[in-house]
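A.B. asks: So here's work-v7.cif (mmCIF, C-alpha atoms).
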data_entry
#
loop_
_atom_site.label_atom_id
_atom_site.label_comp_id
_atom_site.auth_asym_id
_atom_site.auth_seq_id
_atom_site.Cartn_x
_atom_site.Cartn_y
_atom_site.Cartn_z
CA MET V 1 5.06 -7.14 -10.87
CA VAL V 2 5.37 -10.80 -9.90
CA THR V 3 8.04 -11.33 -12.56
CA PHE V 4 9.96 -8.28 -11.39
CA ALA V 5 9.62 -9.49 -7.80
CA ARG V 6 10.85 -12.96 -8.66
CA PHE V 7 13.97 -11.88 -10.57
CA GLY V 8 14.54 -8.28 -9.46
CA TYR V 9 14.31 -5.31 -11.78
CA ARG V 10 17.77 -5.62 -13.29
CA LYS V 11 17.60 -9.37 -13.96
CA THR V 12 14.07 -9.37 -15.36
CA SER V 13 14.01 -9.54 -19.13
CA MET V 14 11.21 -8.40 -21.41
CA GLU V 15 11.13 -12.01 -22.67
CA GLU V 16 10.28 -13.25 -19.15
CA VAL V 17 7.60 -10.59 -18.70
CA ALA V 18 6.10 -11.42 -22.11
CA ARG V 19 6.02 -15.12 -21.24
CA ALA V 20 4.32 -14.38 -17.89
CA ALA V 21 1.79 -12.12 -19.64
CA ARG V 22 1.26 -14.74 -22.36
CA ILE V 23 2.03 -12.36 -25.20
CA SER V 24 4.91 -12.15 -27.64
CA ARG V 25 7.97 -10.08 -26.87
CA PRO V 26 7.30 -7.84 -29.93
CA GLY V 27 3.72 -7.43 -28.68
CA LEU V 28 5.05 -6.35 -25.28
CA TYR V 29 7.39 -3.84 -26.94
CA PHE V 30 4.44 -2.54 -28.94
CA LEU V 31 2.70 -1.73 -25.65
CA PHE V 32 5.78 -0.59 -23.71
CA SER V 33 8.84 0.88 -25.39
CA SER V 34 11.22 -0.24 -22.64
CA LYS V 35 11.50 -2.26 -19.47
CA GLU V 36 11.60 1.02 -17.52
CA THR V 37 8.31 2.17 -19.08
CA LEU V 38 6.72 -1.20 -18.32
CA PHE V 39 7.94 -1.20 -14.72
CA ARG V 40 6.72 2.37 -14.14
CA ALA V 41 3.30 1.52 -15.62
CA ALA V 42 2.98 -1.64 -13.51
CA VAL V 43 3.85 0.13 -10.25
CA THR V 44 1.67 3.13 -11.09
CA GLN V 45 -1.28 0.87 -11.86
CA ALA V 46 -0.83 -1.08 -8.62
CA LEU V 47 -0.57 2.06 -6.48
CA GLU V 48 -3.52 3.75 -8.16
CA ARG V 49 -5.61 0.59 -7.70
CA ASP V 50 -4.63 0.42 -4.03
CA ILE V 51 -5.56 4.08 -3.45
CA ALA V 52 -8.93 3.60 -5.22
CA VAL V 53 -9.75 0.63 -2.98
CA VAL V 54 -8.71 2.57 0.14
CA GLU V 55 -10.94 5.50 -0.89
CA GLN V 56 -13.86 3.12 -1.37
CA VAL V 57 -13.30 1.37 1.98
CA LEU V 58 -13.01 4.61 3.94
CA ALA V 59 -16.08 6.10 2.26
CA ASP V 60 -18.32 3.30 3.55
CA SER V 61 -19.68 5.23 6.54
CA ALA V 62 -22.12 2.42 7.36
CA ARG V 63 -19.17 0.50 8.85
CA PRO V 64 -17.44 1.51 12.09
CA LEU V 65 -14.27 3.58 11.61
CA ARG V 66 -12.09 0.92 13.27
CA GLU V 67 -13.16 -1.66 10.68
CA ARG V 68 -12.66 0.76 7.81
CA LEU V 69 -9.19 1.72 9.03
CA LEU V 70 -8.14 -1.90 9.41
CA GLU V 71 -9.42 -2.74 5.93
CA ALA V 72 -7.73 0.36 4.45
CA PHE V 73 -4.38 -0.55 5.98
CA ASP V 74 -4.78 -4.16 4.90
CA GLN V 75 -5.43 -3.09 1.31
CA TRP V 76 -2.58 -0.59 1.33
CA ALA V 77 0.09 -2.63 3.14
CA GLY V 78 -1.24 -5.94 4.44
CA ARG V 79 -1.61 -7.42 0.99
CA TYR V 80 2.12 -6.88 0.52
CA VAL V 81 3.08 -9.05 3.51
CA GLY V 82 4.59 -12.46 2.92
CA PRO V 83 7.54 -13.80 0.93
CA LEU V 84 6.60 -12.90 -2.65
CA ALA V 85 4.71 -9.77 -1.64
CA GLN V 86 7.76 -8.51 0.25
CA ASP V 87 9.78 -9.02 -2.92
CA VAL V 88 7.35 -6.76 -4.81
CA THR V 89 7.83 -4.05 -2.18
CA ALA V 90 11.61 -4.48 -2.28
CA VAL V 91 11.70 -4.09 -6.07
CA ILE V 92 9.72 -0.86 -5.78
CA GLU V 93 11.81 0.48 -2.89
CA ASP V 94 15.10 -0.47 -4.59
CA ASN V 95 14.29 1.42 -7.81
CA PRO V 96 12.81 4.81 -6.86
CA GLU V 97 14.68 6.60 -9.65
CA LEU V 98 12.66 4.63 -12.21
CA LEU V 99 9.29 5.53 -10.78
CA GLY V 100 9.11 9.28 -10.53
CA GLU V 101 6.65 11.13 -8.32
CA ILE V 102 4.14 8.28 -7.89
CA VAL V 103 6.24 6.79 -5.08
CA GLU V 104 5.75 10.01 -3.13
CA SER V 105 2.26 11.04 -4.21
CA ALA V 106 0.53 7.71 -3.49
CA PRO V 107 1.73 7.43 0.14
CA ARG V 108 0.91 11.13 0.63
CA ARG V 109 -2.62 10.50 -0.71
CA PHE V 110 -2.99 7.46 1.58
CA GLU V 111 -2.04 9.61 4.59
CA GLU V 112 -4.54 12.29 3.52
CA LEU V 113 -7.33 9.69 3.27
CA ILE V 114 -6.57 8.17 6.68
CA THR V 115 -6.31 11.63 8.27
CA ALA V 116 -9.61 12.75 6.73
CA ALA V 117 -11.43 9.61 7.92
CA ILE V 118 -10.17 10.09 11.47
CA ALA V 119 -10.90 13.83 11.41
CA PHE V 120 -14.45 13.26 10.21
CA GLU V 121 -15.18 10.98 13.17
CA SER V 122 -13.15 12.63 15.90
CA GLY V 123 -12.26 16.19 14.99
CA ARG V 124 -9.28 17.69 13.24
CA ASP V 125 -6.94 18.31 16.17
CA ALA V 126 -5.67 14.79 16.82
CA ALA V 127 -6.23 13.36 13.35
CA PRO V 128 -2.84 14.13 11.73
CA SER V 129 -0.74 12.72 14.58
CA VAL V 130 -2.99 9.68 14.99
CA ALA V 131 -2.87 8.97 11.24
CA GLN V 132 0.92 9.37 11.12
CA THR V 133 1.33 7.08 14.13
CA MET V 134 -0.89 4.43 12.50
CA ILE V 135 1.15 4.66 9.32
CA SER V 136 4.39 4.29 11.28
CA ALA V 137 2.97 1.25 13.06
CA SER V 138 1.91 -0.20 9.72
CA ILE V 139 5.37 0.27 8.21
CA GLY V 140 7.02 -1.42 11.17
CA LEU V 141 4.54 -4.29 11.16
CA LYS V 142 4.86 -4.80 7.42
CA HIS V 143 8.57 -5.43 7.79
CA GLN V 144 8.07 -7.59 10.87
CA ALA V 145 5.11 -9.73 9.83
CA ALA V 146 5.57 -13.17 8.33
CA SER V 147 1.92 -13.35 7.27
CA ARG V 148 -0.95 -11.09 6.33
CA GLU V 149 -2.96 -12.47 9.26
CA PHE V 150 -0.22 -11.46 11.71
CA TYR V 151 -0.10 -7.99 10.15
CA ARG V 152 -3.90 -7.62 10.42
CA ASP V 153 -3.99 -8.84 14.04
CA ARG V 154 -1.27 -6.44 15.15
CA MET V 155 -2.63 -3.53 13.12
CA LYS V 156 -6.03 -4.08 14.73
CA VAL V 157 -4.39 -3.69 18.15
CA ALA V 158 -2.58 -0.52 17.03
CA ILE V 159 -5.82 1.00 15.72
CA GLU V 160 -7.67 0.11 18.91
CA LEU V 161 -4.98 1.74 21.04
CA LEU V 162 -4.88 4.89 18.95
CA VAL V 163 -8.59 5.50 18.63
CA ARG V 164 -9.92 4.73 22.09
CA GLY V 165 -7.97 7.10 24.37
CA LYS V 166 -10.00 9.65 26.25
CA SER V 167 -7.50 11.91 27.94
CA SER V 168 -4.29 11.63 25.95
CA ARG V 169 -3.40 14.34 23.47
CA THR V 170 -1.96 11.78 21.03
CA THR V 171 -5.08 9.66 20.85
CA CYS V 172 -8.66 10.41 19.98
CA ARG V 173 -11.97 8.95 20.98
CA ILE V 174 -13.78 7.28 18.12
CA PRO V 175 -16.99 5.31 18.63
#
Is it possible to express this structure as structure tokens?
C.D. replies:
Amino acid sequence: MVTFARFGYRKTSMEEVARAARISRPGLYFLFSSKETLFRAAVTQALERDIAVVEQVLADSARPLRERLLEAFDQWAGRYVGPLAQDVTAVIEDNPELLGEIVESAPRRFEELITAAIAFESGRDAAPSVAQTMISASIGLKHQAASREFYRDRMKVAIELLVRGKSSRTTCRIP
């Protein structure tokens, strides 16, 4: 993914990827029949890993929900903030036709996990709108943030605002 981010999908050669992976180009072609297959596998692996980490973080009920939400968003989006990380995101966003359904199913799964965590703590009524609002805040912050720390700080504020309201219909009270 770093090689694709550095050069862009179209300009990245299998030779460059092989060099970065420290294997021969024929060895790379043995594993992946084409650059498209390699790219799809790399993105799929990254998204599946991210979802697995988010599931693990949110399942840790010994931690307060606010902490789990912040960590989940950091693992899902915060780690992709910064110059090179933004390039990785851009390569993925610029080539959706190469990726298939994973670019839709992984974000959908992330939303389901966030919604379920909020619903478990606060009830089902507000959970979908609170989760969607958090995700929207995260997307905006990811494009705005120059550093992961900035993203985390602002996302923490967004989570606090969305989970502490007592009387608003668009917020929910979470201990």
A.B. asks: Calculate how many Å separate atom CA of Ser24 of chain V from atom CA of Glu97 of chain V, rounding to one decimal.
C.D. replies: 27.8 Å
A.B. asks: Between atom CA of Val2 of chain V and atom CA of Ala18 of chain V, what is the spacing in Å?
C.D. replies: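 Answer for the atom CA of Ala18 of chain V to atom CA of Val2 of chain V separation: 12.2 Å.
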A.B. asks: Pull the closest atom pair for each residue of segment 27-103 of chain V that gets at most 10 Å from segment 128-136 of chain V, along with the distance in Å to one decimal, counting all atoms listed in the file, ordering rows by chain and then ascending residue number, as a tab-separated table.
C.D. replies:
residue	atom	partner	partner_atom	distance
V:Leu69	CA	V:Met134	CA	9.4
V:Phe73	CA	V:Ile135	CA	8.3
V:Ala77	CA	V:Ile135	CA	9.6
A.B. asks: Would you output that residue set with C-alpha atoms, as a short mmCIF file (atom, residue, chain, number, x, y, z; two decimals), in the frame of the given file?
C.D. replies:
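What ended up in part_38.cif:
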data_model
loop_
_atom_site.label_atom_id
_atom_site.label_comp_id
_atom_site.auth_asym_id
_atom_site.auth_seq_id
_atom_site.Cartn_x
_atom_site.Cartn_y
_atom_site.Cartn_z
CA LEU V 69 -9.19 1.72 9.03
CA PHE V 73 -4.38 -0.55 5.98
CA ALA V 77 0.09 -2.63 3.14
#
A.B. asks: Skip Ser34 of chain V itself and residues of its chain fewer than 6 positions away, then list as a list in words all residues within 10 Å of it, counting all atoms listed in the file.
C.D. replies: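 Listing them by chain and then by number gives Met14, Leu28 and Arg40 of chain V.
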A.B. asks: For each of V:Val43, V:Leu38, V:Ile51, V:Ala20, take the minimum atom-to-atom distance to Glu111 of chain V, counting all atoms listed in the file, then give the residue where this is smallest.
C.D. replies: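 Of V:Val43, V:Leu38, V:Ile51, V:Ala20, the one nearest Glu111 of chain V is V:Ile51, counting all atoms listed in the file.
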A.B. asks: Rounded to one decimal, what separation in Å do you get between atom CA of Tyr80 of chain V and atom CA of Ala46 of chain V?
C.D. replies: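 Between these atoms lies a distance of 11.2 Å.
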A.B. asks: Apply the PyMOL selection byres ((chain V and resi 151) around 12) to the displayed file and report the matching residues as a PyMOL selection string.
C.D. replies: chain V and resi 70-71+73-82+137-150+152-158
A.B. asks: Would you list the contacts of Ala59 of chain V as a VMD selection string, taking every protein, DNA or RNA residue within 10 Å and counting all atoms listed in the file, but skipping same-chain residues closer than 4 positions in sequence?
C.D. replies: chain V and resid 53 to 55 63 65 68 113 117
A.B. asks: Please enumerate the residues selected by the PyMOL selection byres ((chain V and resi 7) around 12) when evaluated against the supplied file, formatted as a ChimeraX atom specification.
C.D. replies: /V:1-6,8-14,16-17,84,87-88,90-91
A.B. asks: Would you put the residues from that selection into a file with C-alpha atoms, as a PDB file, in the coordinates of the input?
C.D. replies:
ATOM      1  CA  MET V   1       5.060  -7.140 -10.870  1.00  0.00           C
ATOM      2  CA  VAL V   2       5.370 -10.800  -9.900  1.00  0.00           C
ATOM      3  CA  THR V   3       8.040 -11.330 -12.560  1.00  0.00           C
ATOM      4  CA  PHE V   4       9.960  -8.280 -11.390  1.00  0.00           C
ATOM      5  CA  ALA V   5       9.620  -9.490  -7.800  1.00  0.00           C
ATOM      6  CA  ARG V   6      10.850 -12.960  -8.660  1.00  0.00           C
ATOM      7  CA  GLY V   8      14.540  -8.280  -9.460  1.00  0.00           C
ATOM      8  CA  TYR V   9      14.310  -5.310 -11.780  1.00  0.00           C
ATOM      9  CA  ARG V  10      17.770  -5.620 -13.290  1.00  0.00           C
ATOM     10  CA  LYS V  11      17.600  -9.370 -13.960  1.00  0.00           C
ATOM     11  CA  THR V  12      14.070  -9.370 -15.360  1.00  0.00           C
ATOM     12  CA  SER V  13      14.010  -9.540 -19.130  1.00  0.00           C
ATOM     13  CA  MET V  14      11.210  -8.400 -21.410  1.00  0.00           C
ATOM     14  CA  GLU V  16      10.280 -13.250 -19.150  1.00  0.00           C
ATOM     15  CA  VAL V  17       7.600 -10.590 -18.700  1.00  0.00           C
ATOM     16  CA  LEU V  84       6.600 -12.900  -2.650  1.00  0.00           C
ATOM     17  CA  ASP V  87       9.780  -9.020  -2.920  1.00  0.00           C
ATOM     18  CA  VAL V  88       7.350  -6.760  -4.810  1.00  0.00           C
ATOM     19  CA  ALA V  90      11.610  -4.480  -2.280  1.00  0.00           C
ATOM     20  CA  VAL V  91      11.700  -4.090  -6.070  1.00  0.00           C
TER      21      VAL V  91
END
A.B. asks: Give the answer as one residue: which of V:Val103, V:Val163, V:Ile23, V:Ala42 has the shortest atom-to-atom distance to Ala126 of chain V, using only C-alpha atoms?
C.D. replies: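 Using only C-alpha atoms, Ala126 of chain V sits closest to V:Val163.
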A.B. asks: Would you list the contacts of Thr44 of chain V as a list in words, taking every protein, DNA or RNA residue within 10 Å and counting all atoms listed in the file, but skipping same-chain residues closer than 5 positions in sequence?
C.D. replies: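 Result of the neighbour search: Leu38, Phe39, Arg49, Asp50, Leu99, Gly100, Glu101, Ile102, Val103 and Ala106 of chain V.
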A.B. asks: Could you put an axis-aligned box around every listed atom of segment 47-61 of chain V, padded by 3 Å on each side, and send me its centre and edge lengths in Å to one decimal, as AutoDock Vina command-line options?
C.D. replies:
--center_x -10.1 --center_y 3.3 --center_z -0.8 --size_x 25.1 --size_y 11.7 --size_z 20.7
A.B. asks: Using all atoms listed in the file, find the one residue out of V:Ala41, V:Leu31, V:Ala72, V:Leu98 that sits nearest to Leu58 of chain V.
C.D. replies: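 For Leu58 of chain V, the nearest of the given residues is V:Ala72.
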